[in-house]
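Engineer: The structure under discussion is supplied below as structure tokens; questions concerning it will follow.
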Amino acid sequence: MASESKRSKVIATNHFSNLDFVMQLNKYIPSLVLQQLINRDQSSQKAIATLPEVQPMETVVVFADISGFTNLSEACAKKGDRGNEELAFCINRYMEGMVTNLNQYGGDIIKFVGDAMIVMWPPINKESTSWMEARNDTIRRAVQCAQDI
């Protein structure tokens, strides 16, 4: 009985440490890629995939860019180190707000490209809805997010 209780604690501890590990990975790997890796691991598919791997799907992609960033960075560079620090501070706050907004609407940041980002809205797997409803929901979430930005 005691060994069974100890075993449950070990499994629970491993589960939470795995969850923490996945959350840390999600900072660096797009959710779509991470989910694919988890699904492959859970299905005990031991074969190593040939990279790059293709995942065909209908989705919405948004390219979000800071308009006038080059002129802004040149103006800040003229102020020296202080200007660069102020620009970095502003860009970091902007990106934090963007990431929060994108997460709220289910967007997945695929790549940062300088002052821009490429965001994708993966379709949500809802068994209760039709394919058309799921597609419309994906489009609606992306458009609402773009309007909020």
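Here's how to read the names in the structure tokens: chain A, B, ... by the order shown, residue numbers from 1 in each chain, ligand numbers from 1 in the order shown.
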Please provide the set of residues having any atom within 10 Å of stretch 141-143 of chain A, restricted to only C-alpha atoms, with same-chain residues fewer than 4 positions apart removed, written as a ChimeraX atom specification.

Structural biologist: /A:59-62,102,104-107,119-122,136-137,147-149

Engineer: Store the residues picked out above in a file with N, CA and C atoms, as a tab-separated table (two decimals), in the first residue's frame.

Structural biologist:
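In the end it all went to out.tsv:
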chain	number	residue	atom	x	y	z
A	59	THR	N	-5.52	27.18	-42.86
A	59	THR	CA	-5.24	28.06	-41.73
A	59	THR	C	-5.25	29.51	-42.19
A	60	VAL	N	-5.04	30.40	-41.25
A	60	VAL	CA	-4.91	31.82	-41.52
A	60	VAL	C	-3.52	32.23	-41.05
A	61	VAL	N	-2.82	33.00	-41.88
A	61	VAL	CA	-1.49	33.48	-41.52
A	61	VAL	C	-1.50	35.00	-41.58
A	62	VAL	N	-0.89	35.62	-40.57
A	62	VAL	CA	-0.78	37.08	-40.52
A	62	VAL	C	0.69	37.45	-40.40
A	102	LEU	N	-2.06	37.89	-29.26
A	102	LEU	CA	-2.10	36.74	-30.16
A	102	LEU	C	-2.50	35.47	-29.42
A	104	GLN	N	-4.34	35.31	-26.76
A	104	GLN	CA	-5.74	35.44	-26.38
A	104	GLN	C	-6.66	34.92	-27.48
A	105	TYR	N	-6.29	35.12	-28.73
A	105	TYR	CA	-7.11	34.69	-29.86
A	105	TYR	C	-6.65	33.37	-30.47
A	106	GLY	N	-5.70	32.71	-29.84
A	106	GLY	CA	-5.28	31.39	-30.31
A	106	GLY	C	-4.26	31.41	-31.42
A	107	GLY	N	-3.59	32.55	-31.63
A	107	GLY	CA	-2.54	32.63	-32.65
A	107	GLY	C	-1.27	31.96	-32.17
A	119	VAL	N	2.48	34.92	-37.82
A	119	VAL	CA	1.56	34.27	-36.89
A	119	VAL	C	0.59	33.41	-37.67
A	120	MET	N	0.27	32.27	-37.09
A	120	MET	CA	-0.64	31.32	-37.74
A	120	MET	C	-1.73	30.93	-36.76
A	121	TRP	N	-2.94	30.81	-37.25
A	121	TRP	CA	-4.05	30.34	-36.44
A	121	TRP	C	-4.37	28.92	-36.86
A	122	PRO	N	-3.95	27.96	-36.05
A	122	PRO	CA	-4.26	26.57	-36.41
A	122	PRO	C	-5.74	26.31	-36.23
A	136	ASN	N	-14.59	28.78	-40.31
A	136	ASN	CA	-15.09	30.14	-40.05
A	136	ASN	C	-14.63	30.65	-38.69
A	137	ASP	N	-14.58	29.77	-37.71
A	137	ASP	CA	-14.10	30.15	-36.38
A	137	ASP	C	-12.63	30.55	-36.42
A	147	GLN	N	-7.82	43.10	-35.78
A	147	GLN	CA	-8.50	44.35	-35.47
A	147	GLN	C	-8.07	44.90	-34.12
A	148	ASP	N	-7.86	44.01	-33.15
A	148	ASP	CA	-7.40	44.46	-31.83
A	148	ASP	C	-5.99	45.03	-31.87
A	149	ILE	N	-5.18	44.47	-32.75
A	149	ILE	CA	-3.80	44.94	-32.85
A	149	ILE	C	-3.81	46.37	-33.37
